[in-house]
file query.cif (mmCIF, C-alpha atoms and all ligand atoms)
data_work
#
loop_
_atom_site.group_PDB
_atom_site.id
_atom_site.type_symbol
_atom_site.label_atom_id
_atom_site.label_comp_id
_atom_site.auth_asym_id
_atom_site.auth_seq_id
_atom_site.Cartn_x
_atom_site.Cartn_y
_atom_site.Cartn_z
ATOM 1 C CA MET C 1 85.280 118.956 39.710
ATOM 2 C CA ILE C 2 87.388 121.919 40.837
ATOM 3 C CA PRO C 3 88.482 123.917 37.774
ATOM 4 C CA ARG C 4 92.192 124.539 37.166
ATOM 5 C CA ILE C 5 92.940 128.198 36.453
ATOM 6 C CA LEU C 6 96.099 129.494 34.791
ATOM 7 C CA LEU C 7 97.172 132.467 36.921
ATOM 8 C CA GLY C 8 100.360 133.406 35.099
ATOM 9 C CA THR C 9 103.253 132.421 32.864
ATOM 10 C CA ALA C 10 106.928 133.409 32.984
ATOM 11 C CA SER C 11 109.804 132.770 30.624
ATOM 12 C CA ILE C 12 112.805 131.021 32.128
ATOM 13 C CA PRO C 13 115.876 133.228 31.523
ATOM 14 C CA GLY C 14 118.425 131.678 29.174
ATOM 15 C CA THR C 15 115.941 129.164 27.720
ATOM 16 C CA ASP C 16 112.989 129.052 25.348
ATOM 17 C CA LYS C 17 110.890 127.424 28.108
ATOM 18 C CA GLU C 18 108.342 128.899 30.458
ATOM 19 C CA LEU C 19 106.901 128.301 33.915
ATOM 20 C CA GLN C 20 103.152 128.253 34.434
ATOM 21 C CA LEU C 21 101.350 129.039 37.681
ATOM 22 C CA TYR C 22 98.035 127.241 38.238
ATOM 23 C CA GLN C 23 95.406 127.335 40.959
ATOM 24 C CA SER C 24 92.897 124.559 41.605
ATOM 25 C CA GLY C 25 90.808 125.365 44.671
ATOM 26 C CA GLU C 26 93.345 125.907 47.445
ATOM 27 C CA LEU C 27 96.146 124.141 45.558
ATOM 28 C CA PHE C 28 98.801 126.171 43.730
ATOM 29 C CA SER C 29 101.285 124.582 41.367
ATOM 30 C CA ILE C 30 104.238 125.855 39.342
ATOM 31 C CA LYS C 31 104.636 123.690 36.241
ATOM 32 C CA ILE C 32 107.054 123.284 33.388
ATOM 33 C CA PRO C 33 104.850 122.367 30.398
ATOM 34 C CA GLY C 34 105.473 118.736 29.450
ATOM 35 C CA ARG C 35 107.507 118.082 32.633
ATOM 36 C CA GLY C 36 104.824 118.302 35.329
ATOM 37 C CA ASP C 37 105.014 120.126 38.667
ATOM 38 C CA LEU C 38 108.223 121.888 39.625
ATOM 39 C CA MET C 39 106.580 122.682 42.972
ATOM 40 C CA ASN C 40 103.103 122.602 44.471
ATOM 41 C CA SER C 41 101.576 123.765 47.722
ATOM 42 C CA ARG C 42 100.379 120.287 48.788
ATOM 43 C CA MET C 43 103.643 118.323 48.990
ATOM 44 C CA HIS C 44 106.286 120.268 50.905
ATOM 45 C CA GLY C 45 107.433 118.117 53.820
ATOM 46 C CA SER C 46 110.740 117.258 52.156
ATOM 47 C CA GLU C 47 111.445 120.909 51.203
ATOM 48 C CA LYS C 48 111.013 121.698 54.917
ATOM 49 C CA ALA C 49 113.254 118.757 55.813
ATOM 50 C CA LEU C 50 115.976 120.234 53.571
ATOM 51 C CA ALA C 51 116.130 123.276 55.860
ATOM 52 C CA ASP C 52 115.606 121.333 59.106
ATOM 53 C CA LEU C 53 118.465 118.904 58.367
ATOM 54 C CA ALA C 54 120.863 121.706 57.374
ATOM 55 C CA CYS C 55 120.003 123.840 60.418
ATOM 56 C CA GLU C 56 120.268 120.847 62.743
ATOM 57 C CA LYS C 57 123.796 120.282 61.418
ATOM 58 C CA LEU C 58 124.623 123.980 61.950
ATOM 59 C CA GLY C 59 123.713 123.634 65.612
ATOM 60 C CA ASP C 60 123.474 126.864 67.592
ATOM 61 C CA ARG C 61 125.866 128.872 65.434
ATOM 62 C CA HIS C 62 125.597 132.573 66.281
ATOM 63 C CA ASN C 63 123.830 134.737 63.651
ATOM 64 C CA PRO C 64 124.204 132.283 60.749
ATOM 65 C CA ARG C 65 124.084 133.437 57.134
ATOM 66 C CA LEU C 66 122.297 131.038 54.757
ATOM 67 C CA LEU C 67 121.869 130.856 50.986
ATOM 68 C CA ILE C 68 118.838 129.096 49.499
ATOM 69 C CA GLY C 69 118.951 128.225 45.800
ATOM 70 C CA GLY C 70 115.403 128.427 44.410
ATOM 71 C CA LEU C 71 112.445 130.201 46.071
ATOM 72 C CA GLY C 72 109.690 128.038 44.542
ATOM 73 C CA MET C 73 106.788 128.474 46.949
ATOM 74 C CA GLY C 74 108.961 129.483 49.897
ATOM 75 C CA PHE C 75 108.591 126.368 52.071
ATOM 76 C CA THR C 76 112.346 125.838 52.474
ATOM 77 C CA LEU C 77 112.793 129.541 53.271
ATOM 78 C CA ALA C 78 109.976 129.444 55.855
ATOM 79 C CA ALA C 79 111.487 126.373 57.550
ATOM 80 C CA ALA C 80 114.972 127.944 57.610
ATOM 81 C CA LEU C 81 113.557 131.113 59.204
ATOM 82 C CA GLN C 82 111.795 129.000 61.793
ATOM 83 C CA ALA C 83 114.926 126.992 62.600
ATOM 84 C CA THR C 84 117.259 129.985 63.020
ATOM 85 C CA GLY C 85 117.347 132.835 65.510
ATOM 86 C CA PRO C 86 116.597 136.559 65.229
ATOM 87 C CA GLY C 87 120.155 137.378 64.075
ATOM 88 C CA ALA C 88 120.091 135.029 61.057
ATOM 89 C CA GLU C 89 120.301 136.335 57.491
ATOM 90 C CA ILE C 90 118.845 134.243 54.679
ATOM 91 C CA VAL C 91 119.549 135.082 51.052
ATOM 92 C CA VAL C 92 117.279 133.411 48.492
ATOM 93 C CA ALA C 93 118.435 133.300 44.884
ATOM 94 C CA GLU C 94 115.572 132.943 42.399
ATOM 95 C CA LEU C 95 116.175 132.821 38.650
ATOM 96 C CA VAL C 96 112.667 133.730 37.469
ATOM 97 C CA PRO C 97 111.580 137.245 38.521
ATOM 98 C CA GLU C 98 107.868 136.373 38.266
ATOM 99 C CA VAL C 99 108.296 133.614 40.879
ATOM 100 C CA VAL C 100 109.304 136.307 43.362
ATOM 101 C CA THR C 101 106.344 138.494 42.327
ATOM 102 C CA TRP C 102 103.937 135.526 42.589
ATOM 103 C CA ASN C 103 105.208 134.822 46.120
ATOM 104 C CA ARG C 104 104.632 138.447 47.102
ATOM 105 C CA THR C 105 101.125 138.614 45.601
ATOM 106 C CA LEU C 106 99.419 135.261 44.940
ATOM 107 C CA ILE C 107 101.110 132.227 46.462
ATOM 108 C CA GLY C 108 102.876 133.409 49.624
ATOM 109 C CA GLY C 109 100.043 132.255 51.906
ATOM 110 C CA PRO C 110 100.691 128.487 52.139
ATOM 111 C CA ALA C 111 104.267 129.016 53.402
ATOM 112 C CA GLY C 112 103.248 131.958 55.646
ATOM 113 C CA HIS C 113 104.732 134.819 53.542
ATOM 114 C CA PRO C 114 108.393 134.178 54.436
ATOM 115 C CA LEU C 115 109.634 136.989 52.135
ATOM 116 C CA GLU C 116 108.038 139.471 54.550
ATOM 117 C CA ASP C 117 110.416 138.367 57.302
ATOM 118 C CA PRO C 118 113.122 141.079 57.605
ATOM 119 C CA ARG C 119 115.786 138.341 57.817
ATOM 120 C CA SER C 120 115.018 137.343 54.186
ATOM 121 C CA THR C 121 116.664 139.001 51.210
ATOM 122 C CA VAL C 122 116.152 138.035 47.572
ATOM 123 C CA TYR C 123 118.689 137.941 44.755
ATOM 124 C CA VAL C 124 116.811 137.753 41.451
ATOM 125 C CA GLY C 125 119.141 135.787 39.204
ATOM 126 C CA ASP C 126 121.188 132.619 38.936
ATOM 127 C CA VAL C 127 122.288 131.090 42.250
ATOM 128 C CA ALA C 128 125.582 130.251 40.484
ATOM 129 C CA ASP C 129 126.367 134.005 40.388
ATOM 130 C CA VAL C 130 126.107 134.162 44.169
ATOM 131 C CA LEU C 131 128.225 131.024 44.638
ATOM 132 C CA ARG C 132 130.969 132.362 42.371
ATOM 133 C CA ARG C 133 131.231 135.795 43.965
ATOM 134 C CA GLU C 134 130.695 135.063 47.691
ATOM 135 C CA ILE C 135 133.849 133.339 48.884
ATOM 136 C CA ALA C 136 133.380 132.070 52.469
ATOM 137 C CA GLY C 137 130.057 133.919 52.528
ATOM 138 C CA PHE C 138 127.642 131.390 54.049
ATOM 139 C CA ASP C 139 127.312 129.043 57.009
ATOM 140 C CA ALA C 140 124.873 126.900 55.026
ATOM 141 C CA ILE C 141 123.827 126.560 51.398
ATOM 142 C CA LEU C 142 120.511 124.836 50.624
ATOM 143 C CA MET C 143 119.957 123.831 47.013
ATOM 144 C CA ASP C 144 116.585 123.009 45.475
ATOM 145 C CA VAL C 145 116.525 124.452 41.970
ATOM 146 C CA ASP C 146 115.731 121.337 39.899
ATOM 147 C CA ASN C 147 114.151 118.000 40.752
ATOM 148 C CA GLY C 148 117.536 116.648 41.812
ATOM 149 C CA PRO C 149 121.209 116.956 40.865
ATOM 150 C CA GLU C 150 120.504 117.154 37.147
ATOM 151 C CA ALA C 151 119.417 120.200 35.106
ATOM 152 C CA LEU C 152 115.647 120.426 34.627
ATOM 153 C CA VAL C 153 114.824 124.128 34.686
ATOM 154 C CA ARG C 154 117.731 125.063 32.422
ATOM 155 C CA ARG C 155 120.761 123.275 31.011
ATOM 156 C CA ASP C 156 123.295 125.614 32.680
ATOM 157 C CA ASN C 157 122.190 124.260 36.071
ATOM 158 C CA ASP C 158 124.233 121.111 35.392
ATOM 159 C CA TRP C 159 127.325 123.113 36.425
ATOM 160 C CA LEU C 160 125.904 123.306 39.971
ATOM 161 C CA TYR C 161 126.127 119.506 40.285
ATOM 162 C CA SER C 162 129.527 119.066 38.634
ATOM 163 C CA VAL C 163 132.709 118.657 40.659
ATOM 164 C CA ALA C 164 133.720 122.195 39.530
ATOM 165 C CA GLY C 165 130.371 123.613 40.678
ATOM 166 C CA LEU C 166 130.539 121.735 43.970
ATOM 167 C CA ARG C 167 134.080 123.021 44.580
ATOM 168 C CA ALA C 168 132.796 126.573 44.008
ATOM 169 C CA THR C 169 129.947 125.840 46.429
ATOM 170 C CA ARG C 170 132.448 124.582 48.982
ATOM 171 C CA ALA C 171 134.471 127.790 48.532
ATOM 172 C CA ALA C 172 131.298 129.823 49.193
ATOM 173 C CA LEU C 173 130.906 128.119 52.584
ATOM 174 C CA ARG C 174 132.478 129.359 55.783
ATOM 175 C CA ARG C 175 134.546 127.069 58.002
ATOM 176 C CA HIS C 176 132.461 124.073 59.144
ATOM 177 C CA GLY C 177 129.772 125.134 56.677
ATOM 178 C CA VAL C 178 126.940 122.845 55.572
ATOM 179 C CA LEU C 179 125.632 122.072 52.080
ATOM 180 C CA ALA C 180 122.168 120.532 51.693
ATOM 181 C CA VAL C 181 120.817 119.342 48.319
ATOM 182 C CA TRP C 182 117.224 118.192 47.647
ATOM 183 C CA SER C 183 116.345 115.478 45.146
ATOM 184 C CA ALA C 184 113.314 113.451 44.109
ATOM 185 C CA SER C 185 115.522 110.347 44.096
ATOM 186 C CA GLN C 186 118.872 108.795 45.043
ATOM 187 C CA ASP C 187 121.885 109.344 42.793
ATOM 188 C CA ALA C 188 125.057 107.441 43.662
ATOM 189 C CA ARG C 189 127.112 109.333 41.045
ATOM 190 C CA PHE C 190 126.232 112.631 42.705
ATOM 191 C CA SER C 191 127.281 111.248 46.114
ATOM 192 C CA LYS C 192 130.644 110.445 44.546
ATOM 193 C CA ARG C 193 130.977 113.919 42.990
ATOM 194 C CA LEU C 194 130.272 115.466 46.398
ATOM 195 C CA ARG C 195 133.100 113.391 47.890
ATOM 196 C CA ASP C 196 135.381 114.253 44.951
ATOM 197 C CA ALA C 197 134.730 117.944 45.663
ATOM 198 C CA GLY C 198 135.887 117.454 49.251
ATOM 199 C CA PHE C 199 132.624 117.042 51.169
ATOM 200 C CA GLY C 200 131.921 114.499 53.868
ATOM 201 C CA VAL C 201 128.548 113.074 52.795
ATOM 202 C CA HIS C 202 125.468 112.053 54.799
ATOM 203 C CA GLU C 203 122.321 110.949 53.004
ATOM 204 C CA HIS C 204 118.739 111.136 54.264
ATOM 205 C CA VAL C 205 115.471 109.736 52.948
ATOM 206 C CA VAL C 206 112.704 112.273 53.535
ATOM 207 C CA ARG C 207 108.969 112.140 52.912
ATOM 208 C CA PRO C 208 106.733 114.863 51.479
ATOM 209 C CA HIS C 209 103.853 114.266 53.901
ATOM 210 C CA ARG C 210 103.642 114.147 57.675
ATOM 211 C CA ALA C 211 103.389 110.609 59.069
ATOM 212 C CA GLY C 212 106.047 109.471 56.616
ATOM 213 C CA LYS C 213 103.733 109.122 53.629
ATOM 214 C CA GLY C 214 104.377 109.703 49.928
ATOM 215 C CA PRO C 215 107.388 109.082 47.709
ATOM 216 C CA ARG C 216 110.927 108.764 49.074
ATOM 217 C CA HIS C 217 112.763 112.022 48.477
ATOM 218 C CA HIS C 218 116.450 112.435 49.157
ATOM 219 C CA VAL C 219 118.598 115.044 50.921
ATOM 220 C CA TRP C 220 122.385 115.085 50.842
ATOM 221 C CA ILE C 221 124.161 116.866 53.671
ATOM 222 C CA GLY C 222 127.730 117.778 52.779
ATOM 223 C CA THR C 223 130.119 118.965 55.445
HETATM 224 C C1 LIG C 301 111.583 123.079 43.070
HETATM 225 S S1 LIG C 301 111.455 124.832 43.171
HETATM 226 C C2 LIG C 301 112.028 125.193 44.798
HETATM 227 C C3 LIG C 301 111.028 124.778 45.854
HETATM 228 C C4 LIG C 301 111.343 125.395 47.213
HETATM 229 N N1 LIG C 301 112.360 124.618 47.917
HETATM 230 C C5 LIG C 301 110.109 125.502 48.060
HETATM 231 O O1 LIG C 301 110.213 125.250 49.271
HETATM 232 O O2 LIG C 301 109.039 125.868 47.558
HETATM 233 C C6 LIG C 301 112.855 125.345 42.208
HETATM 234 C C7 LIG C 301 113.006 126.862 42.092
HETATM 235 O O3 LIG C 301 114.350 127.149 41.683
HETATM 236 C C8 LIG C 301 114.317 128.169 40.684
HETATM 237 N N2 LIG C 301 115.587 128.045 39.920
HETATM 238 C C9 LIG C 301 115.891 127.165 38.934
HETATM 239 N N3 LIG C 301 117.159 127.325 38.517
HETATM 240 C C10 LIG C 301 117.692 128.321 39.275
HETATM 241 C C11 LIG C 301 118.972 128.938 39.329
HETATM 242 N N4 LIG C 301 119.963 128.550 38.536
HETATM 243 N N5 LIG C 301 119.162 129.943 40.234
HETATM 244 C C12 LIG C 301 118.143 130.342 41.066
HETATM 245 N N6 LIG C 301 116.913 129.790 41.042
HETATM 246 C C13 LIG C 301 116.686 128.782 40.172
HETATM 247 C C14 LIG C 301 113.042 127.865 39.924
HETATM 248 O O4 LIG C 301 112.603 128.987 39.172
HETATM 249 C C15 LIG C 301 112.084 127.500 41.054
HETATM 250 O O5 LIG C 301 111.467 128.625 41.599
#
call {"tool": "encode", "arguments": {"input": "query.cif", "output": "structure tokens"}}
result
Amino acid sequence: MIPRILLGTASIPGTDKELQLYQSGELFSIKIPGRGDLMNSRMHGSEKALADLACEKLGDRHNPRLLIGGLGMGFTLAAALQATGPGAEIVVAELVPEVVTWNRTLIGGPAGHPLEDPRSTVYVGDVADVLRREIAGFDAILMDVDNGPEALVRRDNDWLYSVAGLRATRAALRRHGVLAVWSASQDARFSKRLRDAGFGVHEHVVRPHRAGKGPRHHVWIGT
């Protein structure tokens, strides 16, 4: 049996909880104790799909500026870099400073070290701060900070999925901007809140593995 090694722990700002980083052979996982994996390096097809669907909707917009909520293991960032041109700028907001350090030192390999791409910049802090201060700042906003539109990492994240939070997100988008939200499952009430906040809503079922295998994850595209 391959042993599981604890590589690091990090407290989650604004909570009394922590994240734990484990390695088991070639597999890395970031866990919340008692809540299972927040992210692992094996299942990332749907995190890539989050970026692919948003960038597809953006079309060939010139030099787009994107915001990604939640670095995790960098798979969404890597896919967004791949789907956009040399003039793109991608800001990643990550709440837990150690997650950024882990990506730069221990776990950047599986996603291909996307933080080293000069088009990536990192804001270490709450993605809500960026949404509130950047009015008409982004062509696309990609959100994957919890396991869906309900706070998991910290209670304050619930604001992001409220009508007020979604209106602020809409205000942070440029004209014809695109919002993409990842979830482990469907949530009809969230679809309604998106519409109440003024978004046109398209929903996609996405799979974590190539060849359409694994659980049915969900991506909302709001326009
Ligand atoms: C599920 S992981 C993201 C996975 C990522 N899409 C990937 O491709 O690896 C969620 C990340 O969001 C971060 N996070 C949680 N709440 C946040 C917030 N309010 N602002 C910024 N980052 C947050 C977590 O620390 C974690 O790194």
call {"tool": "residues_around", "arguments": {"input": "query.cif", "residues": "Val91 of chain C", "least_positions_apart": "6", "cutoff": "6 Å", "atoms": "only C-alpha atoms", "output": "PyMOL selection string"}}
result
chain C and resi 67+120-122
call {"tool": "residues_near_ligand", "arguments": {"input": "query.cif", "ligand": "ligand LIG 301 (chain C)", "cutoff": "9 Å", "atoms": "all atoms listed in the file", "output": "PyMOL selection string"}}
result
chain C and resi 12+19+30+37-41+44-48+50-51+68-79+92-100+111+123-129+142-148+151-154+156-157+160+182
call {"tool": "write_last_selection", "arguments": {"input": "query.cif", "atoms": "C-alpha atoms", "output": "JSON list (two decimals), in the coordinates of the input"}}
result
[["chain", "number", "residue", "atom", "x", "y", "z"],
["C", 12, "ILE", "CA", 112.80, 131.02, 32.13],
["C", 19, "LEU", "CA", 106.90, 128.30, 33.92],
["C", 30, "ILE", "CA", 104.24, 125.86, 39.34],
["C", 37, "ASP", "CA", 105.01, 120.13, 38.67],
["C", 38, "LEU", "CA", 108.22, 121.89, 39.62],
["C", 39, "MET", "CA", 106.58, 122.68, 42.97],
["C", 40, "ASN", "CA", 103.10, 122.60, 44.47],
["C", 41, "SER", "CA", 101.58, 123.76, 47.72],
["C", 44, "HIS", "CA", 106.29, 120.27, 50.90],
["C", 45, "GLY", "CA", 107.43, 118.12, 53.82],
["C", 46, "SER", "CA", 110.74, 117.26, 52.16],
["C", 47, "GLU", "CA", 111.44, 120.91, 51.20],
["C", 48, "LYS", "CA", 111.01, 121.70, 54.92],
["C", 50, "LEU", "CA", 115.98, 120.23, 53.57],
["C", 51, "ALA", "CA", 116.13, 123.28, 55.86],
["C", 68, "ILE", "CA", 118.84, 129.10, 49.50],
["C", 69, "GLY", "CA", 118.95, 128.22, 45.80],
["C", 70, "GLY", "CA", 115.40, 128.43, 44.41],
["C", 71, "LEU", "CA", 112.44, 130.20, 46.07],
["C", 72, "GLY", "CA", 109.69, 128.04, 44.54],
["C", 73, "MET", "CA", 106.79, 128.47, 46.95],
["C", 74, "GLY", "CA", 108.96, 129.48, 49.90],
["C", 75, "PHE", "CA", 108.59, 126.37, 52.07],
["C", 76, "THR", "CA", 112.35, 125.84, 52.47],
["C", 77, "LEU", "CA", 112.79, 129.54, 53.27],
["C", 78, "ALA", "CA", 109.98, 129.44, 55.86],
["C", 79, "ALA", "CA", 111.49, 126.37, 57.55],
["C", 92, "VAL", "CA", 117.28, 133.41, 48.49],
["C", 93, "ALA", "CA", 118.44, 133.30, 44.88],
["C", 94, "GLU", "CA", 115.57, 132.94, 42.40],
["C", 95, "LEU", "CA", 116.18, 132.82, 38.65],
["C", 96, "VAL", "CA", 112.67, 133.73, 37.47],
["C", 97, "PRO", "CA", 111.58, 137.24, 38.52],
["C", 98, "GLU", "CA", 107.87, 136.37, 38.27],
["C", 99, "VAL", "CA", 108.30, 133.61, 40.88],
["C", 100, "VAL", "CA", 109.30, 136.31, 43.36],
["C", 111, "ALA", "CA", 104.27, 129.02, 53.40],
["C", 123, "TYR", "CA", 118.69, 137.94, 44.76],
["C", 124, "VAL", "CA", 116.81, 137.75, 41.45],
["C", 125, "GLY", "CA", 119.14, 135.79, 39.20],
["C", 126, "ASP", "CA", 121.19, 132.62, 38.94],
["C", 127, "VAL", "CA", 122.29, 131.09, 42.25],
["C", 128, "ALA", "CA", 125.58, 130.25, 40.48],
["C", 129, "ASP", "CA", 126.37, 134.00, 40.39],
["C", 142, "LEU", "CA", 120.51, 124.84, 50.62],
["C", 143, "MET", "CA", 119.96, 123.83, 47.01],
["C", 144, "ASP", "CA", 116.58, 123.01, 45.48],
["C", 145, "VAL", "CA", 116.52, 124.45, 41.97],
["C", 146, "ASP", "CA", 115.73, 121.34, 39.90],
["C", 147, "ASN", "CA", 114.15, 118.00, 40.75],
["C", 148, "GLY", "CA", 117.54, 116.65, 41.81],
["C", 151, "ALA", "CA", 119.42, 120.20, 35.11],
["C", 152, "LEU", "CA", 115.65, 120.43, 34.63],
["C", 153, "VAL", "CA", 114.82, 124.13, 34.69],
["C", 154, "ARG", "CA", 117.73, 125.06, 32.42],
["C", 156, "ASP", "CA", 123.30, 125.61, 32.68],
["C", 157, "ASN", "CA", 122.19, 124.26, 36.07],
["C", 160, "LEU", "CA", 125.90, 123.31, 39.97],
["C", 182, "TRP", "CA", 117.22, 118.19, 47.65]]
call {"tool": "closest_residue", "arguments": {"input": "query.cif", "among": "C:Lys31, C:Arg174, C:Arg119, C:Arg167", "to": "Gln82 of chain C", "atoms": "all atoms listed in the file"}}
result
C:Arg119
call {"tool": "atom_distance", "arguments": {"input": "query.cif", "atom1": "atom CA of Pro114 of chain C", "atom2": "atom CA of Ala10 of chain C"}}
result
21.5 Å
call {"tool": "residues_around", "arguments": {"input": "query.cif", "residues": "Arg133 of chain C", "least_positions_apart": "6", "cutoff": "12 Å", "atoms": "only C-alpha atoms", "output": "number ranges by chain"}}
result
C: 126-127, 168-169, 171-173
call {"tool": "atom_distance", "arguments": {"input": "query.cif", "atom1": "atom CA of Tyr161 of chain C", "atom2": "atom CA of Ser11 of chain C"}}
result
23.1 Å
call {"tool": "residues_near_point", "arguments": {"input": "query.cif", "point": "(116.1, 116.2, 48.6)", "cutoff": "6 Å", "atoms": "all atoms listed in the file", "output": "ChimeraX atom specification"}}
result
/C:181-184,217-219
call {"tool": "residues_around", "arguments": {"input": "query.cif", "residues": "His202 of chain C", "least_positions_apart": "2", "cutoff": "12 Å", "atoms": "all atoms listed in the file", "output": "PyMOL selection string"}}
result
chain C and resi 53-54+57+178-181+191-192+194-195+199-200+204-205+218-223
call {"tool": "atom_distance", "arguments": {"input": "query.cif", "atom1": "atom CA of Gly25 of chain C", "atom2": "atom CA of Trp102 of chain C"}}
result
16.7 Å
call {"tool": "resolve_selection", "arguments": {"input": "query.cif", "expression": "the PyMOL selection byres (((chain C and resi 88) around 7) and not hetatm)", "output": "JSON, numbers by chain"}}
result
{"C": [63, 64, 65, 84, 85, 86, 87, 89, 90, 119]}
call {"tool": "axis_aligned_box", "arguments": {"input": "query.cif", "around": "segment 197-205 of chain C", "padding_each_side": "5 Å", "output": "JSON"}}
result
{"center_x": 125.7, "center_y": 113.8, "center_z": 50.2, "size_x": 30.4, "size_y": 18.2, "size_z": 19.1}
call {"tool": "closest_residue", "arguments": {"input": "query.cif", "among": "C:Asp196, C:Asp52, C:Glu116, C:Asp187", "to": "Ala140 of chain C", "atoms": "only C-alpha atoms"}}
result
C:Asp52
call {"tool": "residues_around", "arguments": {"input": "query.cif", "residues": "Met43 of chain C", "least_positions_apart": "5", "cutoff": "9 Å", "atoms": "all atoms listed in the file", "output": "MDAnalysis selection string"}}
result
chainID C and resid 208:209 214
call {"tool": "write_last_selection", "arguments": {"input": "query.cif", "atoms": "C-alpha atoms", "output": "PDB file, in the frame of the given file"}}
result
ATOM      1  CA  PRO C 208     106.733 114.863  51.479  1.00  0.00           C
ATOM      2  CA  HIS C 209     103.853 114.266  53.901  1.00  0.00           C
ATOM      3  CA  GLY C 214     104.377 109.703  49.928  1.00  0.00           C
TER       4      GLY C 214
END
call {"tool": "closest_residue", "arguments": {"input": "query.cif", "among": "C:Val206, C:Leu81, C:Leu27, C:Leu7", "to": "Pro110 of chain C", "atoms": "only C-alpha atoms"}}
result
C:Leu27
call {"tool": "build_atoms", "arguments": {"input": "query.cif", "residues": "segment 125-144 of chain C", "atoms": "N, CA and C atoms", "output": "PDB file, in the frame of the given file"}}
result
ATOM      1  N   GLY C 125     118.113 136.188  40.165  1.00  0.00           N
ATOM      2  CA  GLY C 125     119.141 135.787  39.204  1.00  0.00           C
ATOM      3  C   GLY C 125     119.590 134.371  39.507  1.00  0.00           C
ATOM      4  N   ASP C 126     120.668 133.990  38.855  1.00  0.00           N
ATOM      5  CA  ASP C 126     121.188 132.619  38.936  1.00  0.00           C
ATOM      6  C   ASP C 126     121.939 132.422  40.260  1.00  0.00           C
ATOM      7  N   VAL C 127     121.592 131.373  40.986  1.00  0.00           N
ATOM      8  CA  VAL C 127     122.288 131.090  42.250  1.00  0.00           C
ATOM      9  C   VAL C 127     123.791 130.884  42.010  1.00  0.00           C
ATOM     10  N   ALA C 128     124.159 130.453  40.795  1.00  0.00           N
ATOM     11  CA  ALA C 128     125.582 130.251  40.484  1.00  0.00           C
ATOM     12  C   ALA C 128     126.358 131.564  40.590  1.00  0.00           C
ATOM     13  N   ASP C 129     125.702 132.690  40.258  1.00  0.00           N
ATOM     14  CA  ASP C 129     126.367 134.005  40.388  1.00  0.00           C
ATOM     15  C   ASP C 129     126.762 134.252  41.848  1.00  0.00           C
ATOM     16  N   VAL C 130     125.861 133.922  42.738  1.00  0.00           N
ATOM     17  CA  VAL C 130     126.107 134.162  44.169  1.00  0.00           C
ATOM     18  C   VAL C 130     127.235 133.242  44.647  1.00  0.00           C
ATOM     19  N   LEU C 131     127.190 131.985  44.221  1.00  0.00           N
ATOM     20  CA  LEU C 131     128.225 131.024  44.638  1.00  0.00           C
ATOM     21  C   LEU C 131     129.609 131.476  44.169  1.00  0.00           C
ATOM     22  N   ARG C 132     129.666 131.999  42.933  1.00  0.00           N
ATOM     23  CA  ARG C 132     130.969 132.362  42.371  1.00  0.00           C
ATOM     24  C   ARG C 132     131.545 133.604  43.031  1.00  0.00           C
ATOM     25  N   ARG C 133     130.679 134.526  43.458  1.00  0.00           N
ATOM     26  CA  ARG C 133     131.231 135.795  43.965  1.00  0.00           C
ATOM     27  C   ARG C 133     131.379 135.832  45.491  1.00  0.00           C
ATOM     28  N   GLU C 134     130.667 134.973  46.219  1.00  0.00           N
ATOM     29  CA  GLU C 134     130.695 135.063  47.691  1.00  0.00           C
ATOM     30  C   GLU C 134     131.635 134.004  48.262  1.00  0.00           C
ATOM     31  N   ILE C 135     132.897 134.298  48.317  1.00  0.00           N
ATOM     32  CA  ILE C 135     133.849 133.339  48.884  1.00  0.00           C
ATOM     33  C   ILE C 135     133.714 133.373  50.408  1.00  0.00           C
ATOM     34  N   ALA C 136     133.580 132.207  51.013  1.00  0.00           N
ATOM     35  CA  ALA C 136     133.380 132.070  52.469  1.00  0.00           C
ATOM     36  C   ALA C 136     132.253 132.977  52.959  1.00  0.00           C
ATOM     37  N   GLY C 137     131.155 133.005  52.206  1.00  0.00           N
ATOM     38  CA  GLY C 137     130.057 133.919  52.528  1.00  0.00           C
ATOM     39  C   GLY C 137     128.949 133.324  53.382  1.00  0.00           C
ATOM     40  N   PHE C 138     128.841 131.982  53.438  1.00  0.00           N
ATOM     41  CA  PHE C 138     127.642 131.390  54.049  1.00  0.00           C
ATOM     42  C   PHE C 138     127.981 130.255  55.023  1.00  0.00           C
ATOM     43  N   ASP C 139     127.180 130.175  56.089  1.00  0.00           N
ATOM     44  CA  ASP C 139     127.312 129.043  57.009  1.00  0.00           C
ATOM     45  C   ASP C 139     126.602 127.811  56.448  1.00  0.00           C
ATOM     46  N   ALA C 140     125.569 128.044  55.652  1.00  0.00           N
ATOM     47  CA  ALA C 140     124.873 126.900  55.026  1.00  0.00           C
ATOM     48  C   ALA C 140     124.350 127.315  53.663  1.00  0.00           C
ATOM     49  N   ILE C 141     124.376 126.355  52.742  1.00  0.00           N
ATOM     50  CA  ILE C 141     123.827 126.560  51.398  1.00  0.00           C
ATOM     51  C   ILE C 141     122.834 125.438  51.142  1.00  0.00           C
ATOM     52  N   LEU C 142     121.588 125.811  50.822  1.00  0.00           N
ATOM     53  CA  LEU C 142     120.511 124.836  50.624  1.00  0.00           C
ATOM     54  C   LEU C 142     120.085 124.917  49.163  1.00  0.00           C
ATOM     55  N   MET C 143     120.213 123.814  48.456  1.00  0.00           N
ATOM     56  CA  MET C 143     119.957 123.831  47.013  1.00  0.00           C
ATOM     57  C   MET C 143     118.726 123.008  46.658  1.00  0.00           C
ATOM     58  N   ASP C 144     117.756 123.695  46.022  1.00  0.00           N
ATOM     59  CA  ASP C 144     116.585 123.009  45.475  1.00  0.00           C
ATOM     60  C   ASP C 144     116.127 123.802  44.258  1.00  0.00           C
TER      61      ASP C 144
END
